[in-house]
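The data block below is my_file17.txt; it holds compact mmCIF, C-alpha atoms.
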```txt
# COMPACT_ATOMS: atom_id res chain seq x y z
CA MET P 7 19.81 0.76 -34.04
CA LYS P 8 19.57 -1.28 -30.83
CA LEU P 9 23.00 -0.02 -29.79
CA ALA P 10 21.96 3.59 -30.38
CA PHE P 11 18.86 3.09 -28.21
CA ASP P 12 20.96 1.48 -25.47
CA ILE P 13 23.47 4.32 -25.49
CA PHE P 14 20.60 6.82 -25.34
CA THR P 15 19.04 4.95 -22.39
CA ILE P 16 22.28 4.70 -20.44
CA SER P 17 23.20 8.34 -20.87
CA VAL P 18 19.74 9.78 -20.16
CA VAL P 19 19.07 7.51 -17.15
CA SER P 20 22.50 8.45 -15.77
CA ALA P 21 21.59 12.12 -16.13
CA GLY P 22 18.35 11.37 -14.24
CA ALA P 23 20.30 9.59 -11.51
CA PHE P 24 22.52 12.67 -11.24
CA PHE P 25 19.48 14.81 -10.47
CA PHE P 26 18.36 12.28 -7.85
CA LEU P 27 21.80 12.56 -6.27
CA ALA P 28 21.74 16.36 -6.42
CA GLY P 29 18.24 16.46 -4.92
CA THR P 30 19.27 14.14 -2.09
CA VAL P 31 22.36 16.21 -1.32
CA GLY P 32 20.13 19.29 -1.30
CA LEU P 33 17.67 17.59 1.05
CA LEU P 34 20.49 16.79 3.46
CA ARG P 35 22.43 20.05 3.21
CA PHE P 36 19.92 22.89 2.72
CA PRO P 37 19.20 24.95 5.83
CA ASP P 38 15.37 25.09 6.10
CA SER P 39 12.17 23.33 5.03
CA LEU P 40 11.35 25.54 2.04
CA THR P 41 14.75 25.21 0.36
CA ARG P 42 14.73 21.46 1.05
CA LEU P 43 11.36 21.21 -0.71
CA HIS P 44 12.87 23.14 -3.60
CA ALA P 45 15.63 20.54 -3.86
CA LEU P 46 13.07 17.72 -3.92
CA THR P 47 11.11 19.20 -6.83
CA LYS P 48 14.18 18.74 -9.02
CA VAL P 49 14.08 15.03 -8.29
CA ASP P 50 10.39 14.72 -9.27
CA ASN P 51 10.56 16.79 -12.41
CA LEU P 52 13.95 16.31 -13.97
CA GLY P 53 15.28 13.21 -12.23
CA LEU P 54 12.26 10.98 -12.78
CA GLY P 55 11.47 12.70 -16.10
CA LEU P 56 14.89 11.87 -17.52
CA ILE P 57 14.72 8.27 -16.22
CA VAL P 58 11.30 7.79 -17.85
CA LEU P 59 12.56 9.37 -21.08
CA GLY P 60 15.60 7.12 -21.04
CA LEU P 61 13.50 3.99 -20.49
CA LEU P 62 11.01 4.78 -23.27
CA PRO P 63 13.05 3.10 -26.07
CA GLN P 64 13.24 -0.07 -23.92
CA THR P 65 9.48 -0.52 -23.48
CA ASN P 66 7.58 -3.15 -25.39
CA GLY P 67 4.97 -1.32 -27.40
CA LEU P 68 2.94 1.81 -27.02
CA PHE P 69 1.13 0.86 -23.79
CA GLY P 70 4.32 0.29 -21.83
CA GLY P 71 5.50 3.75 -22.83
CA LEU P 72 2.16 5.33 -21.96
CA LYS P 73 2.24 3.70 -18.51
CA LEU P 74 5.73 5.07 -17.87
CA VAL P 75 4.74 8.59 -18.95
CA SER P 76 1.58 8.50 -16.84
CA ILE P 77 3.62 7.42 -13.80
CA TRP P 78 5.81 10.46 -14.34
CA LEU P 79 2.78 12.74 -14.70
CA LEU P 80 1.16 11.33 -11.54
CA VAL P 81 4.36 11.76 -9.52
CA GLN P 82 4.67 15.32 -10.84
CA LEU P 83 1.10 16.09 -9.81
CA SER P 84 1.29 14.57 -6.34
CA GLY P 85 4.82 15.92 -5.78
CA ALA P 86 3.86 19.48 -6.70
CA ILE P 87 0.73 19.42 -4.54
CA VAL P 88 2.34 17.77 -1.51
CA THR P 89 5.14 20.35 -1.75
CA GLN P 90 2.52 23.12 -1.72
CA LEU P 91 0.74 21.58 1.28
CA ILE P 92 3.95 21.16 3.31
CA ALA P 93 5.05 24.69 2.43
CA GLY P 94 1.62 26.00 3.48
CA ALA P 95 1.87 24.17 6.80
CA VAL P 96 5.38 25.54 7.38
CA ARG P 97 4.20 29.09 6.66
CA GLN P 98 1.20 28.72 8.97
CA HIS P 99 2.72 26.92 11.93
CA GLY P 100 6.46 27.53 11.55
CA PRO P 101 9.06 24.87 10.73
CA HIS P 102 8.43 22.88 13.92
CA GLY P 103 4.64 23.08 14.11
CA MET C 7 30.35 -9.99 -8.69
CA THR C 8 27.76 -8.70 -11.12
CA ILE C 9 26.20 -5.25 -10.96
CA SER C 10 22.85 -6.68 -9.85
CA SER C 11 24.36 -8.45 -6.85
CA VAL C 12 26.02 -5.15 -5.87
CA PHE C 13 22.57 -3.58 -6.06
CA ASP C 14 21.04 -6.41 -4.01
CA ILE C 15 23.65 -6.17 -1.26
CA GLY C 16 23.18 -2.40 -1.14
CA LEU C 17 19.43 -2.89 -0.89
CA VAL C 18 19.76 -5.40 1.96
CA VAL C 19 22.12 -3.07 3.85
CA LEU C 20 19.66 -0.20 3.38
CA ILE C 21 16.71 -2.31 4.60
CA LEU C 22 18.64 -3.45 7.69
CA THR C 23 19.76 0.12 8.44
CA ILE C 24 16.26 1.57 8.10
CA GLY C 25 14.85 -1.32 10.16
CA ALA C 26 17.39 -0.66 12.92
CA SER C 27 16.77 3.09 12.79
CA THR C 28 13.00 2.68 13.31
CA ILE C 29 13.80 0.84 16.54
CA VAL C 30 16.56 3.19 17.70
CA VAL C 31 14.93 6.61 17.12
CA ARG C 32 13.16 8.00 20.18
CA GLU C 33 10.47 10.02 18.42
CA ALA C 34 7.34 8.13 17.31
CA PHE C 35 6.86 10.29 14.18
CA ALA C 36 10.38 9.60 12.90
CA ALA C 37 9.92 5.89 13.61
CA VAL C 38 6.73 5.79 11.52
CA ILE C 39 8.39 7.61 8.61
CA GLY C 40 11.23 5.07 8.87
CA PHE C 41 8.67 2.26 8.79
CA VAL C 42 7.06 3.62 5.59
CA VAL C 43 10.47 3.84 3.91
CA TYR C 44 11.18 0.31 5.14
CA GLY C 45 7.95 -0.91 3.50
CA LEU C 46 8.82 0.71 0.18
CA LEU C 47 12.35 -0.75 0.25
CA LEU C 48 10.90 -4.19 1.04
CA ALA C 49 8.66 -3.78 -2.01
CA ILE C 50 11.79 -3.28 -4.15
CA ALA C 51 13.28 -6.39 -2.55
CA TRP C 52 10.17 -8.40 -3.53
CA VAL C 53 10.53 -7.12 -7.10
CA ARG C 54 14.12 -8.35 -7.09
CA LEU C 55 12.78 -11.76 -6.00
CA SER C 56 10.32 -11.63 -8.97
CA ALA C 57 7.35 -11.59 -6.60
CA VAL C 58 5.61 -8.58 -8.11
CA ASP C 59 2.23 -9.41 -6.51
CA VAL C 60 3.77 -9.36 -3.06
CA ALA C 61 5.68 -6.18 -3.92
CA LEU C 62 2.48 -4.37 -4.90
CA THR C 63 0.75 -5.48 -1.70
CA GLU C 64 3.76 -4.55 0.44
CA ALA C 65 3.93 -1.06 -1.10
CA ALA C 66 0.16 -0.53 -0.78
CA ILE C 67 -0.52 -2.11 2.61
CA GLY C 68 2.87 -2.27 4.35
CA GLY C 69 4.10 1.13 3.25
CA GLY C 70 0.97 3.14 2.53
CA MET C 71 -1.98 1.90 4.55
CA THR C 72 -0.18 0.78 7.73
CA GLY C 73 1.91 3.95 7.60
CA MET C 74 -1.24 6.04 7.53
CA LEU C 75 -2.78 4.09 10.43
CA MET C 76 0.38 4.59 12.48
CA LEU C 77 0.59 8.30 11.64
CA GLY C 78 -2.99 8.57 12.93
CA ALA C 79 -1.94 6.80 16.12
CA VAL C 80 1.02 9.19 16.55
CA ALA C 81 -1.25 12.19 16.07
CA ARG C 82 -3.65 10.85 18.71
CA LEU C 83 -0.81 10.14 21.14
CA ARG C 84 0.38 13.72 20.78
CA PHE C 85 -2.91 15.01 22.14
CA ALA C 86 -3.29 12.31 24.78
CA LYS C 87 -1.66 13.08 28.09
CA GLY C 88 0.80 10.23 28.18
CA THR C 89 2.28 8.98 31.41
CA ASP C 90 6.03 9.19 31.14
CA ALA C 91 6.54 6.22 33.46
CA ARG C 92 9.16 3.92 31.98
CA THR C 93 8.50 0.22 32.01
CA SER C 94 10.45 -1.58 34.69
CA LEU C 95 13.76 -3.27 33.97
CA PRO C 96 12.57 -6.91 34.31
CA VAL C 97 9.74 -6.27 31.82
CA ARG C 98 12.13 -4.68 29.35
CA LEU C 99 14.58 -7.53 29.79
CA ALA C 100 11.81 -10.10 29.25
CA VAL C 101 10.66 -8.31 26.08
CA GLY C 102 14.22 -8.15 24.78
CA ILE C 103 14.84 -11.85 25.45
CA LEU C 104 11.55 -12.92 23.84
CA CYS C 105 12.26 -10.79 20.75
CA ALA C 106 15.77 -12.21 20.53
CA LEU C 107 14.36 -15.76 20.76
CA VAL C 108 11.86 -15.11 17.94
CA ALA C 109 14.58 -13.52 15.81
CA ALA C 110 16.91 -16.45 16.48
CA GLY C 111 14.18 -18.94 15.55
CA LEU C 112 13.50 -17.11 12.30
CA ALA C 113 17.21 -16.90 11.54
CA ILE C 114 17.65 -20.67 12.07
CA ALA C 115 14.64 -21.38 9.83
CA VAL C 116 15.96 -19.13 7.07
CA LEU C 117 19.61 -20.15 7.30
CA SER C 118 19.05 -23.92 7.29
CA PRO C 119 16.70 -24.70 4.39
CA PRO C 120 16.05 -28.37 3.61
CA GLU C 121 18.08 -30.09 0.88
CA VAL C 122 15.13 -30.38 -1.45
CA ILE C 123 12.74 -27.47 -1.01
CA PRO C 124 9.19 -28.85 -0.88
CA THR C 125 7.13 -27.07 -3.51
CA LEU C 126 3.76 -27.41 -5.16
CA ALA C 127 4.60 -24.80 -7.80
CA PRO C 128 4.95 -27.27 -10.74
CA MET C 129 1.51 -28.74 -9.93
CA VAL C 130 0.01 -25.26 -9.81
CA MET C 131 1.47 -24.34 -13.19
CA GLU C 132 0.29 -27.66 -14.69
CA ASN C 133 -3.34 -27.21 -13.62
CA LEU C 134 -3.59 -23.42 -13.86
CA ALA C 135 -5.06 -23.52 -17.37
CA GLN C 136 -8.18 -25.27 -16.07
CA SER C 137 -9.14 -22.18 -14.06
CA GLY C 138 -8.76 -19.87 -17.06
CA LEU C 139 -6.43 -17.61 -15.04
CA GLY C 140 -2.99 -16.50 -16.24
CA ASN C 141 -1.55 -15.33 -12.93
CA PRO C 142 -0.44 -18.27 -10.75
CA VAL C 143 -0.75 -16.12 -7.61
CA ALA C 144 -4.42 -15.44 -8.33
CA GLY C 145 -4.81 -19.16 -9.06
CA VAL C 146 -3.43 -20.12 -5.66
CA LEU C 147 -5.48 -17.44 -3.89
CA PHE C 148 -8.84 -18.20 -5.47
CA VAL C 149 -8.66 -21.84 -6.53
CA TYR C 150 -6.28 -23.82 -4.32
CA ARG C 151 -6.36 -21.78 -1.13
CA ALA C 152 -9.76 -20.11 -1.53
CA LEU C 153 -10.72 -20.81 2.10
CA ASP C 154 -7.66 -18.89 3.36
CA THR C 155 -8.49 -15.98 1.08
CA LEU C 156 -12.12 -15.94 2.27
CA LEU C 157 -11.09 -15.95 5.93
CA GLU C 158 -8.54 -13.20 5.25
CA LYS C 159 -11.33 -10.90 4.05
CA VAL C 160 -13.49 -11.74 7.06
CA VAL C 161 -10.55 -10.92 9.33
CA LEU C 162 -10.44 -7.45 7.77
CA ILE C 163 -14.04 -6.86 8.86
CA LEU C 164 -13.25 -8.22 12.33
CA ALA C 165 -10.37 -5.73 12.55
CA LEU C 166 -12.77 -2.94 11.65
CA LEU C 167 -15.18 -4.13 14.36
CA GLY C 168 -12.25 -3.98 16.77
CA VAL C 169 -11.62 -0.33 15.85
CA TRP C 170 -15.31 0.55 16.05
CA SER C 171 -15.67 -1.05 19.45
CA LEU C 172 -13.28 1.61 20.84
CA ALA C 173 -16.13 4.11 20.49
CA PRO C 174 -17.96 5.14 23.66
CA ASP C 175 -21.62 4.08 23.81
CA ARG C 176 -23.15 7.49 23.24
CA VAL C 177 -21.49 7.93 19.80
CA TRP C 178 -22.02 4.35 18.63
CA GLY C 179 -23.18 4.42 15.01
CA GLY C 180 -21.81 7.96 14.69
CA ILE C 181 -19.24 9.58 12.44
CA PRO C 182 -15.57 8.45 12.47
CA GLY C 183 -13.14 11.04 13.78
CA LEU C 184 -11.19 11.53 10.58
CA ARG C 185 -9.47 14.93 10.56
CA VAL C 186 -10.89 17.00 7.73
CA TYR C 187 -9.01 19.93 6.19
CA ALA C 188 -11.82 21.60 4.28
CA GLN C 189 -10.61 24.81 2.68
CA PRO C 190 -12.36 25.79 -0.52
CA SER C 191 -10.05 26.27 -3.54
CA SER C 192 -6.93 25.01 -1.78
CA THR C 193 -4.41 22.78 -3.52
CA LEU C 194 -5.73 19.82 -1.52
CA THR C 195 -9.22 20.38 -2.96
CA PHE C 196 -7.68 20.50 -6.43
CA LEU C 197 -5.91 17.18 -5.88
CA ALA C 198 -9.07 15.60 -4.43
CA GLN C 199 -10.99 16.66 -7.54
CA LEU C 200 -8.36 15.69 -10.09
CA LEU C 201 -6.93 12.42 -8.75
CA PRO C 202 -9.94 10.19 -7.86
CA PRO C 203 -11.13 9.61 -11.47
CA VAL C 204 -7.60 8.49 -12.35
CA GLY C 205 -7.33 6.44 -9.16
CA ILE C 206 -10.63 4.66 -9.73
CA VAL C 207 -9.57 3.66 -13.24
CA VAL C 208 -6.23 2.41 -11.86
CA ALA C 209 -8.05 0.42 -9.15
CA ILE C 210 -10.38 -1.25 -11.67
CA TYR C 211 -7.40 -1.97 -13.92
CA MET C 212 -5.42 -3.54 -11.05
CA CYS C 213 -8.37 -5.71 -10.08
CA TRP C 214 -9.08 -6.79 -13.66
CA VAL C 215 -5.49 -7.46 -14.64
CA GLY C 216 -5.01 -9.54 -11.46
CA ALA C 217 -6.42 -12.58 -13.26
CA LYS C 218 -3.60 -12.56 -15.81
CA GLU C 219 -0.75 -10.54 -14.37
CA PRO C 220 0.35 -9.15 -10.98
CA GLY C 221 -2.45 -7.20 -9.33
CA GLY C 222 -5.68 -8.11 -7.64
CA ALA C 223 -8.40 -7.21 -5.18
CA PHE C 224 -6.18 -6.09 -2.31
CA GLN C 225 -4.05 -3.77 -4.43
CA GLY C 226 -7.08 -2.31 -6.22
CA GLY C 227 -8.99 -1.97 -2.95
CA THR C 228 -6.14 -0.03 -1.36
CA VAL C 229 -6.11 2.46 -4.24
CA LEU C 230 -9.90 2.85 -3.90
CA ALA C 231 -9.55 3.43 -0.15
CA ALA C 232 -6.86 6.06 -0.74
CA MET C 233 -9.06 7.93 -3.21
CA TRP C 234 -12.05 7.83 -0.84
CA LEU C 235 -9.93 9.09 2.06
CA LEU C 236 -8.53 11.89 -0.09
CA VAL C 237 -12.04 13.07 -1.00
CA MET C 238 -13.15 12.92 2.64
CA ILE C 239 -10.04 14.64 4.04
CA ALA C 240 -10.41 17.48 1.53
CA GLY C 241 -13.99 17.89 2.74
CA LEU C 242 -15.58 17.28 -0.67
CA LYS C 243 -17.68 14.45 0.74
CA ASN C 244 -18.77 14.04 4.34
CA VAL C 245 -17.42 11.19 6.41
CA PRO C 246 -20.42 8.83 6.61
CA SER C 247 -21.71 7.63 9.96
CA ILE C 248 -21.00 3.96 10.44
CA SER C 249 -24.67 3.04 10.85
CA ARG C 250 -25.48 3.83 7.20
CA PRO C 251 -27.03 0.75 5.54
CA TRP C 252 -25.17 1.27 2.22
CA LEU C 253 -21.89 1.36 4.09
CA ARG C 254 -22.56 -1.89 5.91
CA LEU C 255 -23.76 -3.47 2.67
CA LEU C 256 -20.57 -2.49 0.81
CA LEU C 257 -18.49 -3.87 3.68
CA VAL C 258 -19.99 -7.35 3.50
CA VAL C 259 -20.83 -7.63 -0.21
CA GLY C 260 -17.41 -9.07 -1.15
CA PRO C 261 -17.16 -11.81 1.49
CA ALA C 262 -20.91 -12.52 1.09
CA ILE C 263 -20.64 -13.12 -2.67
CA PHE C 264 -17.48 -15.19 -2.10
CA LEU C 265 -19.31 -17.29 0.47
CA ALA C 266 -22.44 -17.63 -1.70
CA ILE C 267 -20.40 -18.82 -4.68
CA GLY C 268 -18.52 -21.18 -2.35
CA LEU C 269 -21.78 -22.66 -1.02
CA ALA C 270 -23.18 -22.93 -4.56
CA GLY C 271 -20.08 -24.96 -5.37
CA MET C 272 -21.33 -27.69 -3.01
CA VAL C 273 -24.37 -28.16 -5.27
CA LEU C 274 -23.11 -27.23 -8.73
CA ALA C 275 -19.55 -28.52 -8.44
CA ASN C 276 -17.97 -31.09 -6.17
CA ALA C 277 -17.16 -29.25 -2.97
CA PHE C 278 -17.36 -26.06 -0.93
CA LEU C 279 -15.50 -23.27 -2.79
CA ASP C 280 -15.20 -25.43 -5.92
CA TYR C 281 -16.14 -23.75 -9.18
CA PRO C 282 -18.26 -25.44 -11.88
CA SER C 283 -15.91 -26.26 -14.76
CA GLY C 284 -15.88 -23.63 -17.49
CA TYR C 285 -17.20 -20.87 -15.22
CA ALA C 286 -14.17 -20.59 -12.95
CA LYS C 287 -12.70 -17.41 -14.42
CA ALA C 288 -16.01 -15.53 -14.65
CA LEU C 289 -16.85 -16.40 -11.04
CA ILE C 290 -13.37 -15.49 -9.78
CA VAL C 291 -13.52 -12.12 -11.53
CA ALA C 292 -16.96 -11.47 -9.98
CA ILE C 293 -15.55 -12.33 -6.54
CA GLU C 294 -12.50 -10.13 -7.13
CA PHE C 295 -14.58 -7.11 -8.12
CA SER C 296 -16.92 -7.33 -5.14
CA LEU C 297 -13.95 -7.97 -2.84
CA THR C 298 -12.20 -4.86 -4.21
CA LEU C 299 -15.20 -2.74 -3.18
CA SER C 300 -15.40 -4.29 0.27
CA ILE C 301 -11.64 -4.03 0.88
CA GLY C 302 -11.67 -0.40 -0.25
CA VAL C 303 -14.47 0.52 2.15
CA ALA C 304 -12.99 -1.53 5.02
CA LEU C 305 -9.50 0.00 4.66
CA GLY C 306 -10.94 3.51 4.33
CA LEU C 307 -12.96 3.07 7.50
CA LEU C 308 -9.99 1.53 9.34
CA ALA C 309 -8.00 4.67 8.54
CA ALA C 310 -10.93 6.92 9.48
CA GLY C 311 -10.91 5.45 13.00
CA PRO C 312 -13.61 4.84 15.60
CA PRO C 313 -16.77 6.97 15.67
CA GLU C 314 -16.36 10.18 17.64
CA ARG C 315 -19.43 12.32 16.88
CA VAL C 316 -23.11 11.53 16.75
CA ARG C 317 -24.86 12.04 13.47
CA GLN C 318 -26.18 15.57 12.90
CA PRO C 319 -29.99 15.57 12.99
```
Kindly return the structure encoded in the file as structure tokens.
Amino acid sequence: MKLAFDIFTISVVSAGAFFFLAGTVGLLRFPDSLTRLHALTKVDNLGLGLIVLGLLPQTNGLFGGLKLVSIWLLVQLSGAIVTQLIAGAVRQHGPHG
Amino acid sequence: MTISSVFDIGLVVLILTIGASTIVVREAFAAVIGFVVYGLLLAIAWVRLSAVDVALTEAAIGGGMTGMLMLGAVARLRFAKGTDARTSLPVRLAVGILCALVAAGLAIAVLSPPEVIPTLAPMVMENLAQSGLGNPVAGVLFVYRALDTLLEKVVLILALLGVWSLAPDRVWGGIPGLRVYAQPSSTLTFLAQLLPPVGIVVAIYMCWVGAKEPGGAFQGGTVLAAMWLLVMIAGLKNVPSISRPWLRLLLVVGPAIFLAIGLAGMVLANAFLDYPSGYAKALIVAIEFSLTLSIGVALGLLAAGPPERVRQP
């Protein structure tokens, strides 16, 4: 059972790390602010989400798991809103304003 | 070489690179962003050294709070008409040499540790149970080095006085010049309505859990300050003028209670800042809670800056 959990953790966290990598490549390679923001949302949602999901079997008890999930939810919330704010600023003032 | 030492070496290389880049980049904004990243990476380094308390403080103060203060400074500099005069060569040389000397001194101190590292840690762990605390860091802060901790909080208020004293006379006691982005039903308003209840619970939790596990007044206070700033920046609450009595009261309540309990220790226990046996934990938690409030208000006002407008009649 422990082995199955470990294999689950390793594979899901690796998938999360892949999204982090993809998001970072997008951040470096995409041409303008809006597409770069788009790349970053993948990191918040899927990257961190998969890492949290993968770590859930390793937590000690219910509260550890709840803390992990609430971290993910908080990052999602702040990430989505900060993305909106930056995009709004870019639309209003242009990419260099 | 194990996988964790590969990680550690990578982390150190990253920290050094980011540190160098904050010095090398010409633009102030990029340097500040580099500094924030540097603070967050340092926090990870502290976690690797099993110093979670320090990591939390580094992330909150080093990365978050200082970063915000510096971003404010950059924004102000952008509006100020700066003189482009470069400092003269001898001054730059002197600065470089002094910095190199300090760095060399630090390097010698770090690279040549004594044979037997002097430590009081075993004594702390032996006597920690008497205080009723579970977190040795909180024990050191509030039992063994309580005077340092008290002075540290007073210094925070002195720093705030320093910021306030930048205000011209006619706006003294007025409203800090925090930039407010009040737009009804914007996403910022939504965040400022949704996040503070969560943040306040997190701050209370951090302060409470500090007695047993990593956390404490500074970390909780920073979260409180962030929530307060968010509400003010979104325009949901007005920035208060600095002459408000409740504001001044909140600023001093933490250090005042700390000092009062310390003075009471001279009568009820054996010495200044000594706790009567059996009541140590309750008193420390009371101090921590009042300090959290004071730190939150002080940090929020530090970020809000000196007064710039007189109070509306």
Give me, as a PDB file with C-alpha atoms, in the frame of the given file, the residues of chain C touching chain P, with the criterion being at most 9 Å (counting all atoms listed in the file).
```pdb
ATOM      1  CA  SER C 192      -6.930  25.010  -1.780  1.00  0.00           C
ATOM      2  CA  THR C 193      -4.410  22.780  -3.520  1.00  0.00           C
ATOM      3  CA  LEU C 194      -5.730  19.820  -1.520  1.00  0.00           C
ATOM      4  CA  PHE C 196      -7.680  20.500  -6.430  1.00  0.00           C
ATOM      5  CA  LEU C 197      -5.910  17.180  -5.880  1.00  0.00           C
ATOM      6  CA  LEU C 201      -6.930  12.420  -8.750  1.00  0.00           C
TER       7      LEU C 201
END
```
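Atom to atom, CA of Ile206 (chain C) and CA of Leu230 (chain C) stand 6.1 Å apart.
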Problem set entry | Within 12 Å of Thr89 (chain P) using only C-alpha atoms, minus same-chain residues under 5 positions, as a list in words | Ser39, Leu40, Thr41, Arg42, Leu43, His44, Ala45, Leu46, Thr47, Lys48, Asp50, Val81, Gln82, Leu83, Ser84, Gly94, Ala95 and Val96 of chain P; Thr193 and Leu194 of chain C
Exercise. Got a sec: who's within 12 Å of Leu79 (chain P), counting all atoms listed in the file, leaving out chain neighbours fewer than 6 positions off, as a list in words?
Worked result: Asp50, Asn51, Leu52, Leu54, Gly55, Val58, Leu72, Lys73, Gly85 and Ala86 of chain P; Leu201 and Val204 of chain C
For this session: Counting all atoms listed in the file, note down every residue that has an atom within 9 Å of the point (-8.6, -18.5, -17.6) (file coordinates), as a PyMOL selection string.
Result: chain C and resi 134-140+217-218+284+286-288
